[in-house]
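The structure file run.csv is reproduced below (CSV, C-alpha atoms).
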chain,number,residue,atom,x,y,z
D,1,MET,CA,17.9,15.9,3.8
D,2,ASN,CA,20.3,13.7,5.7
D,3,ASN,CA,17.5,12.3,7.8
D,4,PHE,CA,15.5,11.6,4.6
D,5,ASN,CA,18.5,9.8,3.1
D,6,ARG,CA,19.0,7.7,6.2
D,7,THR,CA,15.4,6.8,6.4
D,8,ALA,CA,15.1,6.0,2.7
D,9,PHE,CA,18.2,3.8,2.9
D,10,SER,CA,16.8,2.0,5.9
D,11,LEU,CA,13.5,1.3,4.2
D,12,ALA,CA,15.3,0.3,1.1
D,13,LEU,CA,17.2,-2.3,3.2
D,14,VAL,CA,13.8,-3.4,4.6
D,15,GLY,CA,12.5,-3.8,1.1
D,16,LEU,CA,15.5,-5.9,0.1
D,17,SER,CA,15.2,-8.0,3.2
D,18,MET,CA,11.5,-8.5,2.5
D,19,GLY,CA,12.4,-9.6,-1.0
D,20,SER,CA,15.1,-11.9,0.2
D,21,GLY,CA,12.7,-13.2,2.8
D,22,SER,CA,10.2,-14.1,0.1
D,23,ILE,CA,13.0,-15.9,-1.7
D,24,LYS,CA,13.7,-17.8,1.5
D,25,ALA,CA,10.1,-18.8,1.6
D,26,GLN,CA,10.8,-21.1,-1.3
D,27,PHE,CA,12.5,-23.3,1.3
D,28,LEU,CA,9.2,-23.4,3.2
D,29,GLY,CA,7.3,-24.8,0.3
D,30,GLY,CA,6.9,-21.6,-1.7
D,31,ARG,CA,8.3,-20.9,-5.1
D,32,ARG,CA,8.7,-18.2,-7.8
D,33,LEU,CA,6.9,-18.9,-11.1
D,34,LYS,CA,9.1,-19.1,-14.2
D,35,ASP,CA,8.5,-16.9,-17.1
D,36,ASP,CA,7.5,-19.8,-19.3
D,37,GLU,CA,4.8,-21.0,-16.8
D,38,ASP,CA,1.2,-20.0,-16.9
D,39,GLY,CA,0.9,-16.9,-14.7
D,40,PRO,CA,-0.1,-13.2,-14.6
D,41,LYS,CA,2.9,-11.9,-16.6
D,42,GLU,CA,1.9,-8.7,-18.5
D,43,GLN,CA,-1.5,-8.5,-16.8
D,44,PHE,CA,-2.7,-5.5,-14.9
D,45,MET,CA,-4.0,-5.6,-11.3
D,46,VAL,CA,-6.4,-3.2,-9.5
D,47,TYR,CA,-6.6,-3.4,-5.7
D,48,GLY,CA,-7.8,-1.4,-2.7
D,49,SER,CA,-10.1,-1.3,0.3
D,50,LEU,CA,-12.3,1.3,2.2
D,51,ASP,CA,-12.6,1.6,6.0
D,52,TYR,CA,-15.0,3.5,8.1
D,53,SER,CA,-15.2,3.7,11.9
D,54,LYS,CA,-17.3,5.8,14.3
D,55,ILE,CA,-17.2,6.4,18.1
D,56,THR,CA,-20.2,7.9,19.8
D,57,THR,CA,-20.4,9.0,23.5
D,58,PRO,CA,-23.2,10.9,25.3
D,59,SER,CA,-21.3,14.2,24.8
D,60,SER,CA,-19.6,13.8,21.3
D,61,SER,CA,-18.9,11.6,18.3
D,62,SER,CA,-15.9,11.0,16.1
D,63,SER,CA,-15.4,9.2,12.8
D,64,THR,CA,-12.7,8.1,10.5
D,65,VAL,CA,-12.9,7.4,6.8
D,66,SER,CA,-9.9,5.9,5.1
D,67,SER,CA,-8.9,4.1,2.0
D,68,ALA,CA,-5.9,1.8,2.0
D,69,PRO,CA,-3.9,2.6,-1.1
D,70,LEU,CA,-6.1,2.1,-4.1
D,71,GLY,CA,-3.7,1.1,-6.8
D,72,VAL,CA,-3.0,-0.1,-10.3
D,73,GLY,CA,-0.1,-2.4,-11.0
D,74,TYR,CA,1.6,-4.2,-13.9
D,75,PHE,CA,3.2,-7.6,-13.8
D,76,ILE,CA,6.6,-7.3,-15.3
D,77,ASN,CA,6.9,-11.1,-14.9
D,78,ASN,CA,4.9,-13.8,-13.1
D,79,ASN,CA,6.0,-12.7,-9.7
D,80,ASP,CA,6.8,-8.9,-9.6
D,81,LEU,CA,4.6,-5.9,-10.0
D,82,ILE,CA,5.2,-2.2,-10.3
D,83,GLY,CA,2.5,0.5,-10.1
D,84,VAL,CA,1.0,3.7,-8.8
D,85,ASN,CA,-1.5,4.1,-5.9
D,86,TYR,CA,-3.5,6.7,-4.0
D,87,ALA,CA,-4.8,6.8,-0.4
D,88,TYR,CA,-7.1,9.2,1.5
D,89,SER,CA,-8.0,9.6,5.1
D,90,GLN,CA,-10.3,12.0,7.1
D,91,ASN,CA,-11.0,12.5,10.8
D,92,ALA,CA,-14.1,14.3,12.0
D,93,VAL,CA,-15.3,15.3,15.5
D,94,ASP,CA,-19.0,16.2,16.1
D,95,HIS,CA,-19.4,16.2,12.3
D,96,ASN,CA,-16.6,18.8,11.9
D,97,VAL,CA,-13.5,17.7,9.8
D,98,ILE,CA,-10.3,18.3,11.8
D,99,TYR,CA,-7.9,16.4,9.6
D,100,LYS,CA,-7.7,15.1,6.0
D,101,GLN,CA,-4.8,13.6,4.1
D,102,ASN,CA,-4.1,12.6,0.6
D,103,GLU,CA,-1.1,10.5,-0.6
D,104,ALA,CA,0.0,9.2,-4.0
D,105,GLY,CA,3.1,7.5,-5.3
D,106,ILE,CA,4.7,4.5,-6.7
D,107,TRP,CA,5.1,0.9,-5.4
D,108,TYR,CA,7.0,-2.3,-6.0
D,109,SER,CA,5.8,-5.8,-5.0
D,110,PRO,CA,7.5,-9.2,-5.3
D,111,SER,CA,5.7,-12.4,-4.4
D,112,VAL,CA,6.2,-16.1,-3.8
D,113,MET,CA,3.5,-18.8,-4.3
D,114,LEU,CA,2.8,-20.9,-1.2
D,115,GLY,CA,1.0,-23.8,-2.8
D,116,LYS,CA,-1.9,-23.3,-5.3
D,117,TYR,CA,-4.1,-20.8,-3.5
D,118,PHE,CA,-1.8,-18.8,-1.2
D,119,VAL,CA,0.8,-16.1,-2.0
D,120,LEU,CA,3.4,-14.4,0.2
D,121,ILE,CA,3.7,-10.8,-0.9
D,122,ALA,CA,6.0,-7.9,0.1
D,123,GLN,CA,5.2,-4.3,-0.9
D,124,VAL,CA,7.3,-1.1,-0.7
D,125,ASP,CA,5.6,2.3,-1.2
D,126,ALA,CA,7.1,5.8,-1.7
D,127,HIS,CA,4.4,8.5,-1.4
D,128,TYR,CA,4.0,12.3,-1.7
D,129,VAL,CA,1.6,13.4,1.1
D,130,TRP,CA,-0.6,16.6,1.3
D,131,GLY,CA,-3.7,17.7,3.3
D,132,GLN,CA,-5.1,20.0,5.9
D,133,GLN,CA,-5.3,19.9,9.7
D,134,LEU,CA,-6.9,22.0,12.4
D,135,THR,CA,-4.5,24.6,13.9
D,136,ALA,CA,-3.5,24.6,17.5
D,137,THR,CA,-5.9,27.5,18.1
D,138,ALA,CA,-8.7,25.6,16.5
D,139,GLU,CA,-9.6,28.6,14.4
D,140,SER,CA,-8.8,27.4,10.9
D,141,MET,CA,-7.4,24.6,8.8
D,142,GLU,CA,-3.7,24.8,7.7
D,143,ASN,CA,-2.1,23.0,4.8
D,144,PHE,CA,0.7,20.5,5.2
D,145,SER,CA,2.8,18.4,2.8
D,146,GLY,CA,5.5,15.8,3.1
D,147,TYR,CA,6.2,12.2,2.2
D,148,ARG,CA,5.7,8.6,3.4
D,149,LEU,CA,8.0,5.6,3.0
D,150,ARG,CA,6.4,2.2,3.9
D,151,ALA,CA,7.2,-1.5,3.6
D,152,TYR,CA,4.9,-4.3,4.6
D,153,PRO,CA,4.1,-8.0,4.1
D,154,LEU,CA,0.8,-9.5,2.9
D,155,ILE,CA,-0.7,-13.0,2.6
D,156,GLY,CA,-2.9,-13.4,-0.5
D,157,ILE,CA,-5.6,-15.9,-1.1
D,158,VAL,CA,-6.4,-16.7,-4.7
D,159,LEU,CA,-10.1,-16.9,-5.3
D,160,GLY,CA,-10.2,-17.6,-9.0
D,161,GLY,CA,-11.2,-15.5,-12.0
D,162,GLY,CA,-8.4,-13.1,-11.3
D,163,TRP,CA,-9.7,-12.2,-7.8
D,164,ALA,CA,-7.7,-12.4,-4.6
D,165,LEU,CA,-8.0,-11.4,-0.9
D,166,LYS,CA,-5.0,-9.6,0.6
D,167,PHE,CA,-4.2,-9.6,4.4
D,168,LYS,CA,-1.7,-7.1,5.7
D,169,PHE,CA,-0.4,-8.1,9.1
D,170,ALA,CA,2.7,-5.8,9.8
D,171,GLU,CA,4.2,-2.6,8.8
D,172,LEU,CA,7.4,-0.4,8.9
D,173,SER,CA,6.7,3.1,7.8
D,174,MET,CA,7.8,6.7,8.3
D,175,LEU,CA,5.6,9.8,7.7
D,176,GLN,CA,7.2,13.2,7.6
D,177,THR,CA,5.1,16.4,7.1
D,178,LYS,CA,5.5,20.2,7.5
D,179,THR,CA,3.4,23.3,7.6
D,180,LYS,CA,4.3,27.0,7.0
D,181,GLN,CA,4.0,27.7,10.8
D,182,GLU,CA,5.9,24.6,12.0
D,183,GLY,CA,8.9,22.5,11.0
D,184,TRP,CA,8.9,18.9,10.1
D,185,THR,CA,6.8,16.5,12.1
D,186,LYS,CA,7.8,12.8,12.0
D,187,SER,CA,5.8,9.7,12.9
D,188,TYR,CA,6.8,6.1,12.7
D,189,VAL,CA,5.1,2.7,12.7
D,190,ALA,CA,6.9,-0.6,13.2
D,191,GLY,CA,5.7,-4.0,14.2
D,192,ILE,CA,2.5,-6.0,14.4
D,193,SER,CA,-0.7,-4.5,16.0
D,194,GLY,CA,-4.3,-3.8,15.2
D,195,SER,CA,-3.3,-0.6,13.4
D,196,THR,CA,-1.0,-2.4,11.0
D,197,PHE,CA,-3.6,-5.1,10.1
D,198,GLY,CA,-5.8,-4.6,7.1
D,199,VAL,CA,-7.8,-6.5,4.5
D,200,GLY,CA,-8.1,-5.7,0.8
D,201,ILE,CA,-9.2,-7.2,-2.5
D,202,SER,CA,-7.6,-7.3,-5.9
D,203,LYS,CA,-8.5,-8.2,-9.5
D,204,ASN,CA,-6.3,-9.1,-12.4
D,205,PHE,CA,-7.1,-8.0,-15.9
D,206,ASP,CA,-5.6,-9.6,-19.0
D,207,PHE,CA,-5.7,-7.3,-22.1
D,208,ARG,CA,-3.3,-9.4,-24.1
D,209,LYS,CA,-4.6,-10.6,-27.5
D,210,LYS,CA,-5.1,-14.4,-27.4
D,211,SER,CA,-3.7,-16.3,-30.3
D,212,LYS,CA,-5.7,-18.8,-32.2
D,213,THR,CA,-3.9,-21.7,-30.5
D,214,ASP,CA,-5.1,-20.3,-27.1
D,215,ASP,CA,-8.7,-20.4,-28.3
D,216,ASN,CA,-8.5,-24.1,-29.3
Give the structure from the file, written as structure tokens.
Amino acid sequence: MNNFNRTAFSLALVGLSMGSGSIKAQFLGGRRLKDDEDGPKEQFMVYGSLDYSKITTPSSSSSTVSSAPLGVGYFINNNDLIGVNYAYSQNAVDHNVIYKQNEAGIWYSPSVMLGKYFVLIAQVDAHYVWGQQLTATAESMENFSGYRLRAYPLIGIVLGGGWALKFKFAELSMLQTKTKQEGWTKSYVAGISGSTFGVGISKNFDFRKKSKTDDN
């Protein structure tokens, strides 16, 4: 529990630093939209992506299917979202599944506009994780569970009509899982690399009732 508290505190600091970093971006030409400006306040956003890769050799093949978090968020103002998301990944060797993982949780995301079409975004996730993995004896699959804490920046490109492309280019995360047979297993990701780069798409939906003055 002490390790969890230390890690949670560290990632909380990262989230705050990312938020302060986005505020500092105002001095680089970015700005936060005011509540009385035209923006996505009180709109809903749906986002996600799906990835598939396969490696084939003369003797074997392996494949990976994964979804970056598929999420739904709500704009509490013109710059900040809160929401829930879900992610899934699966690894297979010679068409036999050896690992599959689910994770679901909550997230928070502040943003800063960089001109008219670009957005600097930070996101912090807190996820419960569960799944199955092949045992060391390769005789059966065993269940595992745990949690993931993650913080990462994105660059958004506004496409119009509520659509946007999101480019993730770095990550700081901690995944901790356990099985009945083994204790806790921890893995960390920090920095910029091919494994921390990703591309997704999002769409905003406005369910607010328009007033008559808006229709004119």
Handout entry: Residues within 10 Å of region 94-109 of chain D, all atoms listed in the file, excluding chain neighbours under 6 positions, as number ranges by chain
Key = D: 15, 18-19, 56, 59-67, 69-75, 79-88, 121-135, 138, 140-153
Completion exercise
Min atom-atom distance to Val199 (chain D) from the set D:Ala136, D:Met113, D:Ala68, D:Ile55, counting all atoms listed in the file, belongs to D:Ala68
Handout entry: Computed interatomic separation between CA of Val189 (chain D) and CA of Gln176 (chain D) (Å)
Key =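 That distance, rounded to one decimal, is 11.9 Å.
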Problem - 8 Å contact set for region 29-43 of chain D, only C-alpha atoms, chain neighbours under 3 positions out, as a ChimeraX atom specification - result: /D:23,25-26,74-79,111-115,204-208
Fill in the blank from the handout: What separates CA of Ile192 (chain D) and CA of Phe167 (chain D) is a distance of 12.6 Å
Exercise for the section: Could you check how far CA of Ser49 (chain D) sits from CA of Met174 (chain D), in Å to one decimal? Expected result: 21.2 Å
Practice task
Could you tell me which of D:Glu171, D:Thr196, D:Lys166, D:Ser53 comes closest to Leu154 (chain D) if we count only C-alpha atoms?
Solution key: D:Lys166
Quick one: region 78-162 of chain D from the block, C-alpha atoms, as a CSV table (one decimal), in the first residue's frame.
chain,number,residue,atom,x,y,z
D,78,ASN,CA,-14.3,25.1,-22.4
D,79,ASN,CA,-11.0,23.6,-21.6
D,80,ASP,CA,-11.3,20.6,-19.1
D,81,LEU,CA,-12.9,17.2,-19.5
D,82,ILE,CA,-13.7,14.4,-17.1
D,83,GLY,CA,-14.8,10.9,-18.2
D,84,VAL,CA,-14.6,7.2,-18.2
D,85,ASN,CA,-12.7,4.9,-20.6
D,86,TYR,CA,-12.0,1.3,-21.4
D,87,ALA,CA,-9.0,-0.5,-23.1
D,88,TYR,CA,-8.4,-4.0,-24.3
D,89,SER,CA,-5.2,-5.8,-25.5
D,90,GLN,CA,-4.5,-9.4,-26.7
D,91,ASN,CA,-1.4,-11.3,-27.7
D,92,ALA,CA,-1.4,-14.5,-29.7
D,93,VAL,CA,1.3,-16.9,-30.9
D,94,ASP,CA,0.6,-19.4,-33.6
D,95,HIS,CA,-3.1,-18.4,-33.3
D,96,ASN,CA,-3.1,-19.3,-29.6
D,97,VAL,CA,-4.0,-16.5,-27.2
D,98,ILE,CA,-1.3,-16.2,-24.5
D,99,TYR,CA,-2.3,-12.9,-22.9
D,100,LYS,CA,-5.4,-10.7,-22.7
D,101,GLN,CA,-6.0,-7.7,-20.6
D,102,ASN,CA,-8.9,-5.4,-19.9
D,103,GLU,CA,-8.7,-2.1,-18.1
D,104,ALA,CA,-11.4,0.5,-17.2
D,105,GLY,CA,-11.4,3.7,-15.1
D,106,ILE,CA,-11.7,7.4,-14.9
D,107,TRP,CA,-9.7,10.2,-16.5
D,108,TYR,CA,-9.2,14.0,-16.4
D,109,SER,CA,-7.9,16.1,-19.3
D,110,PRO,CA,-7.0,19.9,-19.4
D,111,SER,CA,-6.2,21.6,-22.6
D,112,VAL,CA,-4.8,24.8,-24.1
D,113,MET,CA,-5.6,26.2,-27.6
D,114,LEU,CA,-2.5,26.7,-29.8
D,115,GLY,CA,-4.0,28.9,-32.5
D,116,LYS,CA,-7.2,28.1,-34.2
D,117,TYR,CA,-6.6,24.4,-35.2
D,118,PHE,CA,-4.2,23.0,-32.7
D,119,VAL,CA,-4.6,22.0,-29.1
D,120,LEU,CA,-2.1,21.0,-26.4
D,121,ILE,CA,-3.7,18.4,-24.2
D,122,ALA,CA,-2.7,16.6,-21.0
D,123,GLN,CA,-4.5,13.4,-19.7
D,124,VAL,CA,-4.3,11.5,-16.5
D,125,ASP,CA,-5.9,8.0,-16.2
D,126,ALA,CA,-6.6,5.8,-13.2
D,127,HIS,CA,-7.6,2.2,-14.2
D,128,TYR,CA,-8.6,-1.1,-12.7
D,129,VAL,CA,-6.9,-3.9,-14.7
D,130,TRP,CA,-7.9,-7.6,-15.1
D,131,GLY,CA,-7.2,-10.4,-17.5
D,132,GLN,CA,-5.6,-13.8,-18.2
D,133,GLN,CA,-2.0,-14.9,-19.0
D,134,LEU,CA,-0.4,-18.2,-19.8
D,135,THR,CA,1.2,-19.8,-16.8
D,136,ALA,CA,5.0,-20.5,-16.6
D,137,THR,CA,4.3,-24.2,-17.3
D,138,ALA,CA,2.3,-23.2,-20.4
D,139,GLU,CA,-0.5,-25.6,-19.4
D,140,SER,CA,-3.3,-23.2,-18.6
D,141,MET,CA,-4.3,-19.5,-18.4
D,142,GLU,CA,-4.3,-17.8,-15.0
D,143,ASN,CA,-6.3,-14.8,-13.9
D,144,PHE,CA,-4.6,-11.6,-12.8
D,145,SER,CA,-5.8,-8.2,-11.6
D,146,GLY,CA,-4.3,-4.9,-10.5
D,147,TYR,CA,-4.3,-1.2,-11.5
D,148,ARG,CA,-2.6,1.2,-13.9
D,149,LEU,CA,-1.8,4.9,-13.3
D,150,ARG,CA,-0.9,6.9,-16.4
D,151,ALA,CA,-0.2,10.5,-17.5
D,152,TYR,CA,0.6,11.6,-21.0
D,153,PRO,CA,0.5,14.7,-23.4
D,154,LEU,CA,-1.2,14.9,-26.8
D,155,ILE,CA,-1.4,17.3,-29.7
D,156,GLY,CA,-4.9,17.7,-31.2
D,157,ILE,CA,-5.7,18.9,-34.7
D,158,VAL,CA,-9.2,20.3,-35.0
D,159,LEU,CA,-10.9,19.0,-38.2
D,160,GLY,CA,-14.2,20.8,-37.9
D,161,GLY,CA,-17.7,19.5,-37.3
D,162,GLY,CA,-16.6,18.3,-33.8
